[in-house]
Structures are given as structure tokens and as C-alpha cells.
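A.B. asks: What follows is run27.cif, made up of mmCIF, C-alpha atoms:
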data_target
#
loop_
_atom_site.label_atom_id
_atom_site.label_comp_id
_atom_site.auth_asym_id
_atom_site.auth_seq_id
_atom_site.Cartn_x
_atom_site.Cartn_y
_atom_site.Cartn_z
CA MET A 1 -8.51 -23.67 23.84
CA PHE A 2 -10.87 -22.77 26.67
CA HIS A 3 -9.53 -19.20 26.63
CA ARG A 4 -10.31 -18.95 22.90
CA ILE A 5 -13.83 -20.30 23.43
CA GLN A 6 -14.41 -17.80 26.23
CA ASN A 7 -13.16 -15.01 24.00
CA GLU A 8 -15.53 -16.02 21.18
CA ILE A 9 -18.47 -16.10 23.61
CA ASN A 10 -17.55 -12.62 24.86
CA VAL A 11 -17.39 -11.38 21.26
CA ILE A 12 -20.95 -12.57 20.65
CA PHE A 13 -22.20 -10.79 23.77
CA GLU A 14 -20.48 -7.60 22.60
CA ARG A 15 -21.84 -7.64 19.03
CA ASP A 16 -25.26 -9.26 19.35
CA PRO A 17 -27.74 -7.54 21.67
CA ALA A 18 -30.05 -10.56 21.29
CA ALA A 19 -27.63 -12.88 23.13
CA GLN A 20 -29.11 -13.73 26.53
CA SER A 21 -26.86 -16.36 28.09
CA VAL A 22 -23.79 -18.52 27.62
CA LEU A 23 -26.04 -21.58 27.38
CA GLU A 24 -27.96 -20.00 24.51
CA ILE A 25 -24.73 -19.24 22.64
CA LEU A 26 -23.36 -22.75 23.16
CA PHE A 27 -26.47 -24.45 21.80
CA CYS A 28 -28.28 -21.95 19.55
CA TYR A 29 -25.68 -19.95 17.63
CA PRO A 30 -24.74 -21.56 14.28
CA GLY A 31 -21.98 -19.00 13.70
CA PHE A 32 -20.30 -20.07 16.93
CA HIS A 33 -20.65 -23.75 16.02
CA ALA A 34 -19.25 -23.19 12.51
CA VAL A 35 -16.20 -21.34 13.81
CA ARG A 36 -15.48 -23.94 16.49
CA ILE A 37 -15.70 -26.80 13.98
CA HIS A 38 -13.56 -24.85 11.52
CA ARG A 39 -10.79 -24.52 14.10
CA ALA A 40 -10.61 -28.31 14.29
CA ALA A 41 -10.91 -28.78 10.53
CA HIS A 42 -8.19 -26.21 9.89
CA TRP A 43 -5.87 -28.03 12.29
CA LEU A 44 -6.45 -31.27 10.37
CA TRP A 45 -5.82 -29.42 7.11
CA GLU A 46 -2.48 -28.14 8.37
CA GLN A 47 -1.52 -31.69 9.39
CA ASN A 48 -2.11 -32.67 5.74
CA LEU A 49 -5.17 -34.73 6.75
CA ARG A 50 -7.16 -33.27 3.89
CA PHE A 51 -10.04 -35.71 3.62
CA PRO A 52 -10.95 -35.69 7.33
CA ALA A 53 -10.71 -31.88 7.27
CA ARG A 54 -13.06 -31.60 4.30
CA LEU A 55 -15.44 -34.14 5.80
CA LEU A 56 -15.59 -32.19 9.06
CA SER A 57 -16.24 -28.93 7.24
CA HIS A 58 -18.98 -30.65 5.24
CA VAL A 59 -20.64 -31.78 8.48
CA ALA A 60 -20.47 -28.19 9.75
CA ARG A 61 -22.09 -26.99 6.53
CA PHE A 62 -24.92 -29.49 6.97
CA LEU A 63 -25.48 -28.52 10.61
CA THR A 64 -25.14 -24.73 10.34
CA GLY A 65 -25.71 -23.67 6.72
CA ILE A 66 -22.26 -22.04 6.82
CA GLU A 67 -19.55 -23.30 4.48
CA ILE A 68 -15.96 -22.59 5.52
CA HIS A 69 -13.20 -24.35 3.63
CA PRO A 70 -10.74 -25.91 6.11
CA GLY A 71 -7.87 -24.19 4.32
CA ALA A 72 -9.19 -20.72 5.17
CA THR A 73 -7.26 -18.78 7.82
CA ILE A 74 -9.40 -17.04 10.46
CA GLY A 75 -8.15 -14.79 13.25
CA GLU A 76 -9.38 -14.23 16.78
CA GLY A 77 -12.64 -12.47 17.55
CA PHE A 78 -14.37 -13.68 14.36
CA PHE A 79 -18.18 -13.45 14.52
CA ILE A 80 -20.80 -14.66 12.04
CA ASP A 81 -24.23 -13.21 12.83
CA HIS A 82 -27.12 -15.51 11.82
CA GLY A 83 -24.81 -17.06 9.24
CA MET A 84 -27.08 -18.93 6.84
CA GLY A 85 -25.54 -18.96 3.36
CA VAL A 86 -22.06 -17.74 4.34
CA VAL A 87 -19.35 -19.15 2.06
CA ILE A 88 -15.61 -18.74 2.75
CA GLY A 89 -13.15 -20.07 0.20
CA GLU A 90 -9.97 -22.07 0.65
CA THR A 91 -7.39 -19.29 0.35
CA ALA A 92 -9.38 -16.65 2.21
CA GLU A 93 -7.54 -14.92 5.05
CA ILE A 94 -9.49 -13.20 7.80
CA GLY A 95 -7.89 -10.98 10.42
CA LYS A 96 -8.92 -10.21 13.99
CA ASN A 97 -12.33 -8.98 15.16
CA VAL A 98 -14.06 -9.39 11.78
CA THR A 99 -17.86 -9.57 11.59
CA LEU A 100 -19.85 -11.24 8.80
CA TYR A 101 -23.62 -11.24 8.39
CA HIS A 102 -25.72 -13.88 6.63
CA GLY A 103 -25.24 -14.61 2.96
CA VAL A 104 -21.70 -13.22 2.72
CA THR A 105 -19.43 -14.79 0.10
CA LEU A 106 -15.65 -14.62 0.20
CA GLY A 107 -15.20 -16.20 -3.20
CA GLY A 108 -12.83 -16.58 -6.11
CA THR A 109 -12.91 -15.50 -9.74
CA SER A 110 -10.41 -17.97 -11.18
CA TRP A 111 -9.99 -21.73 -11.50
CA LYS A 112 -6.20 -21.46 -11.26
CA LYS A 113 -4.47 -22.80 -8.18
CA GLY A 114 -2.91 -20.37 -5.75
CA LYS A 115 -4.35 -17.34 -3.99
CA ARG A 116 -7.92 -17.01 -5.32
CA HIS A 117 -9.88 -15.56 -2.41
CA PRO A 118 -9.86 -12.24 -0.55
CA THR A 119 -7.85 -11.11 2.45
CA ILE A 120 -9.93 -9.35 5.10
CA GLU A 121 -7.90 -7.26 7.51
CA ASP A 122 -8.71 -6.52 11.17
CA ASN A 123 -11.96 -4.97 12.42
CA VAL A 124 -13.85 -5.24 9.12
CA ILE A 125 -17.67 -5.51 9.01
CA ILE A 126 -19.31 -7.10 5.97
CA GLY A 127 -23.06 -6.68 5.57
CA ALA A 128 -25.63 -9.29 4.61
CA ASN A 129 -25.44 -10.85 1.12
CA ALA A 130 -22.27 -8.98 0.19
CA ALA A 131 -19.80 -10.72 -2.12
CA ILE A 132 -16.04 -10.13 -1.91
CA LEU A 133 -14.51 -11.75 -4.99
CA GLY A 134 -10.96 -12.50 -6.02
CA PRO A 135 -7.54 -12.20 -4.35
CA ILE A 136 -8.15 -8.64 -3.20
CA ARG A 137 -7.52 -6.98 0.14
CA ILE A 138 -10.12 -5.25 2.30
CA GLY A 139 -8.31 -2.74 4.49
CA GLU A 140 -8.68 -2.66 8.25
CA ASN A 141 -11.62 -0.90 9.94
CA SER A 142 -13.61 -0.91 6.69
CA LYS A 143 -17.34 -1.55 6.23
CA ILE A 144 -18.91 -3.32 3.26
CA GLY A 145 -22.58 -2.49 2.74
CA SER A 146 -25.24 -5.18 2.43
CA GLY A 147 -25.64 -6.57 -1.08
CA SER A 148 -22.42 -5.02 -2.37
CA VAL A 149 -20.20 -6.83 -4.86
CA VAL A 150 -16.54 -5.94 -4.34
CA ASN A 151 -13.84 -7.03 -6.80
CA LYS A 152 -11.23 -4.31 -6.23
CA GLU A 153 -8.91 -3.41 -3.37
CA VAL A 154 -10.50 -1.40 -0.56
CA PRO A 155 -8.31 1.04 1.42
CA SER A 156 -8.34 1.04 5.22
CA HIS A 157 -11.08 2.97 7.07
CA SER A 158 -13.43 2.90 4.07
CA THR A 159 -17.14 2.37 3.56
CA VAL A 160 -18.11 0.56 0.36
CA VAL A 161 -21.57 0.19 -1.19
CA GLY A 162 -23.08 -0.77 -4.51
CA ILE A 163 -22.60 -3.10 -7.48
CA PRO A 164 -19.78 -2.92 -8.28
CA GLY A 165 -18.63 -1.76 -4.86
CA ARG A 166 -17.48 1.85 -4.61
CA VAL A 167 -15.80 3.69 -1.76
CA VAL A 168 -18.23 6.34 -0.54
CA PHE A 169 -16.57 7.27 2.74
CA ARG A 170 -12.96 7.12 3.87
CA GLU A 171 -11.17 8.44 6.95
CA GLY A 172 -13.54 11.32 7.53
CA ASN A 173 -13.98 12.25 3.85
CA VAL A 174 -17.45 11.75 2.40
CA TYR A 175 -17.30 10.75 -1.27
CA GLN A 176 -21.09 10.75 -1.58
CA ASP A 177 -23.83 12.33 0.53
CA PRO A 178 -24.53 9.92 3.43
CA THR A 179 -28.32 9.91 3.14
CA GLY A 180 -28.99 6.22 3.67
CA VAL A 181 -30.62 4.47 6.56
CA ALA A 182 -28.82 4.96 9.88
CA GLY A 183 -26.19 7.09 8.15
CA THR A 184 -25.26 4.48 5.54
CA PRO A 185 -24.30 6.26 2.29
CA ASP A 186 -26.81 5.76 -0.53
CA PRO A 187 -25.36 7.06 -3.83
CA GLU A 188 -27.92 5.09 -5.88
CA GLY A 189 -30.77 6.75 -4.02
CA LYS A 190 -29.21 10.17 -4.56
CA ALA A 191 -28.83 9.49 -8.31
CA LEU A 192 -32.47 8.37 -8.56
CA ARG A 193 -33.64 11.52 -6.80
CA CYS A 194 -31.65 13.67 -9.24
CA LEU A 195 -33.15 11.81 -12.21
CA THR A 196 -36.66 12.19 -10.77
CA GLU A 197 -36.15 15.95 -10.39
CA GLN A 198 -34.92 16.21 -13.99
CA VAL A 199 -37.92 14.25 -15.30
CA LYS A 200 -40.30 16.54 -13.42
CA ALA A 201 -38.56 19.62 -14.85
CA LEU A 202 -38.78 18.19 -18.38
CA GLU A 203 -42.47 17.39 -17.94
CA GLN A 204 -43.14 20.92 -16.76
CA ARG A 205 -41.23 22.35 -19.72
CA LEU A 206 -43.12 20.07 -22.12
CA ASP A 207 -46.46 21.23 -20.69
CA GLU A 208 -45.43 24.87 -21.26
CA VAL A 209 -44.42 24.16 -24.84
CA MET A 210 -47.66 22.28 -25.58
CA LYS A 211 -49.75 25.12 -24.15
CA ARG A 212 -47.85 27.62 -26.27
CA LEU A 213 -48.33 25.55 -29.42
CA ASN A 214 -52.04 25.08 -28.70
CA GLY A 215 -52.41 28.83 -28.23
CA GLU A 216 -50.66 29.62 -31.52
CA THR A 217 -52.72 27.13 -33.54
CA GLU A 218 -56.07 27.94 -31.94
CA LEU A 219 -58.73 28.64 -34.63
CA PRO A 220 -60.41 32.10 -34.63
CA GLN A 221 -63.97 32.27 -33.29
CA VAL A 222 -66.96 32.74 -35.69
CA GLY A 223 -67.66 36.42 -36.38
CA SER A 224 -64.31 37.58 -35.19
CA LYS A 225 -61.98 39.55 -37.37
CA PRO A 226 -59.03 37.66 -38.81
#
Will you turn the file into C-alpha cells for me?

C.D. replies:
Amino acid sequence: MFHRIQNEINVIFERDPAAQSVLEILFCYPGFHAVRIHRAAHWLWEQNLRFPARLLSHVARFLTGIEIHPGATIGEGFFIDHGMGVVIGETAEIGKNVTLYHGVTLGGTSWKKGKRHPTIEDNVIIGANAAILGPIRIGENSKIGSGSVVNKEVPSHSTVVGIPGRVVFREGNVYQDPTGVAGTPDPEGKALRCLTEQVKALEQRLDEVMKRLNGETELPQVGSKP
């Protein structure tokens, strides 16, 4: 247990430049607290002590603003940065070295029992306020852009952005021009720029047509020959 705690502290130092000390992490990091409490709640869940497990997870939600169902399976090296508003469903499965930012939802799309929540493979990063919905799989080493809504399978080594989420980069192949902030692909921005250029061209063409029509319908001056 102490080895796992040490590993989780090291993970925070590696992925959060704002971390200053072990003491700060132990007392001031809600993501760390939520994960530690989940480990205990998940153990209770596996022992078929369902009510105590749910009660413990509810306490963690109250203390941290992070809701992790005790049935969710979470691997080593899991890190929740900031964490407020994170929701992880019962049948979610999270691999090793996964990073979630605040507002992430690993949710379901069905009321039927069984596998309803996503599977996140190793080394995945999910940006703030992204939603991964349904029993889909997010391939290893993938990145999900902030605010994206993903409801389809994502291949390994992919970058996904947008609503609905679309693969814009995969294993060295750019599917859209990566013109976003800090190299993040921005296909919506590219589409808006194209539309803006087309509108400007149409306005210019309309001005030319109006000038031509005004010239053709201009009345002759007094005293001039018809």
C-alpha cells in the first residue's frame, strides 16, 4: 500500500509543475484524496459490501467534488488534475498512467445493466470537460481534447477533438491542419476561416455587380446626346 501511495505522489510531481512538496499533495490535492478513497471503496465493493462502498464513495464526492463509483476499475499511475466535476461510472475501466482534467465524464448512454461505461487504455490524456460516453474503448497513448464529446471507438495513438469527437491526428498522420493552441488541431477554426474567406469573396463580387448595374442604369446628364 505504501509503495502505491509513493507511486501516486511521484506521478503528481511528474505531471503537475505546481506541486511543491509531499505535504502539499497529501493535504491539498483532491484528486489524490479521491483516488485513495476509491481504492478502499473498490475493495469493499469487491467484497460484496456494496452499501459501505457506496457510502465511502459518497463521502469522497462530498469532500473532493469528484464522483467515482466504487465499481470502477482504475489502474496504477492514475492522476486527476484539479478534479472538480469529474464523474466516473460503475463499469468504467481505466488503464495505467491515465490523466484526467476537471469536468471529465466517463458516462453511460443506456439504462440496461452490464457494461455501460468506457474503457480507457494506458497512457491516455483526457482534457477538461470532455465526455466519453458509452461502452467504447479509447486506445492507448491517445489524447482527447477539452470539451470533446466522444461516443465512438478511438484507435491507439490518436488525437480527438470536437462534438462529436473526430480523430484529427493518428500515428504521425495529420487528418486536419494542426493550427490550434500549442499544436492542438483545430478543425472548427479552420472551417470558420474558410467560410469567412468565402463570405469576403462573395461580398466583393456583389459590390462589383452592384457597381456594374448602377453604371448601366445611370440616367444621361441634361444637354447630353442620347

A.B. asks: Would you kindly translate the PyMOL selection byres ((chain A and resi 154-159) around 9) into the concrete residues it picks from this file, as a list in words?

C.D. replies: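 Output from the PyMOL selection byres ((chain A and resi 154-159) around 9), applied to this file: Glu121, Val124, Ile136, Arg137, Ile138, Gly139, Glu140, Asn141, Ser142, Lys143, Ile144, Gly145, Val150, Lys152, Glu153, Val160, Val161, Arg166, Val167, Val168, Phe169, Arg170, Glu171, Gly172, Thr184 and Pro185 of chain A.
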
A.B. asks: Can you build me a table of segment 59-133 of chain A residues sitting at most 9 Å from segment 7-21 of chain A, with the closest atom pair per residue and its distance in Å to one decimal, using all atoms listed in the file, sorted by chain and residue number, as a Markdown table?

C.D. replies:
| residue | atom | partner | partner_atom | distance |
| --- | --- | --- | --- | --- |
| A:Glu76 | CA | A:Glu8 | CA | 7.8 |
| A:Gly77 | CA | A:Glu8 | CA | 5.8 |
| A:Phe78 | CA | A:Glu8 | CA | 7.3 |
| A:Phe79 | CA | A:Ile12 | CA | 6.8 |
| A:Ile80 | CA | A:Ile12 | CA | 8.9 |
| A:Asp81 | CA | A:Asp16 | CA | 7.7 |
| A:Asn97 | CA | A:Val11 | CA | 8.3 |
| A:Thr99 | CA | A:Arg15 | CA | 8.7 |

A.B. asks: Go ahead and write the residues just picked, C-alpha atoms, as a JSON list (two decimals), in the coordinates of the input.

C.D. replies:
[["chain", "number", "residue", "atom", "x", "y", "z"],
["A", 76, "GLU", "CA", -9.38, -14.23, 16.78],
["A", 77, "GLY", "CA", -12.64, -12.47, 17.55],
["A", 78, "PHE", "CA", -14.37, -13.68, 14.36],
["A", 79, "PHE", "CA", -18.18, -13.45, 14.52],
["A", 80, "ILE", "CA", -20.80, -14.66, 12.04],
["A", 81, "ASP", "CA", -24.23, -13.21, 12.83],
["A", 97, "ASN", "CA", -12.33, -8.98, 15.16],
["A", 99, "THR", "CA", -17.86, -9.57, 11.59]]

A.B. asks: Write out as an NGL selection string the residues lying within 9 Å of segment 57-67 of chain A, counting all atoms listed in the file and excluding same-chain residues fewer than 2 positions away.

C.D. replies: :A and (29-31 or 33-34 or 37-38 or 41-42 or 52-55 or 69-70 or 83-89 or 102-103)

A.B. asks: Measure the distance from atom CA of Arg36 of chain A to atom CA of Gly107 of chain A in Å and round it to one decimal.

C.D. replies: 21.2 Å

A.B. asks: So, counting only C-alpha atoms, which residue among A:Val22, A:Gly165, A:Gly134, A:Asp207 is closest to Lys115 of chain A?

C.D. replies: A:Gly134

A.B. asks: Could you tell me how far atom CA of Thr109 of chain A sits from atom CA of Ile126 of chain A, in Å to one decimal place?

C.D. replies: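 Going from atom CA of Ile126 of chain A over to atom CA of Thr109 of chain A covers 18.9 Å.
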
A.B. asks: Using all atoms listed in the file for the distances, tell me which of A:Ser146, A:Asn151, A:Ile120, A:Lys113 is nearest to Leu133 of chain A.

C.D. replies: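 Closest residue, counting all atoms listed in the file: A:Asn151.
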
A.B. asks: When you draw a straight line from atom CA of Arg4 of chain A to atom CA of Gly108 of chain A, how long is it in Å?

C.D. replies: 29.2 Å

A.B. asks: With all atoms listed in the file as the basis for distance, which of A:Ile163, A:Ala191, A:Leu206, A:Ala40 is at the shortest distance from Gly71 of chain A?

C.D. replies: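 Closest to Gly71 of chain A of all the choices is A:Ala40.
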
A.B. asks: Please, what is the axis-aligned box for every listed atom of segment 47-54 of chain A with 4 Å on each side, as centre and edge lengths in Å to one decimal, as lines of an AutoDock Vina configuration file?

C.D. replies:
center_x = -7.3
center_y = -33.7
center_z = 6.5
size_x = 19.5
size_y = 12.1
size_z = 13.8
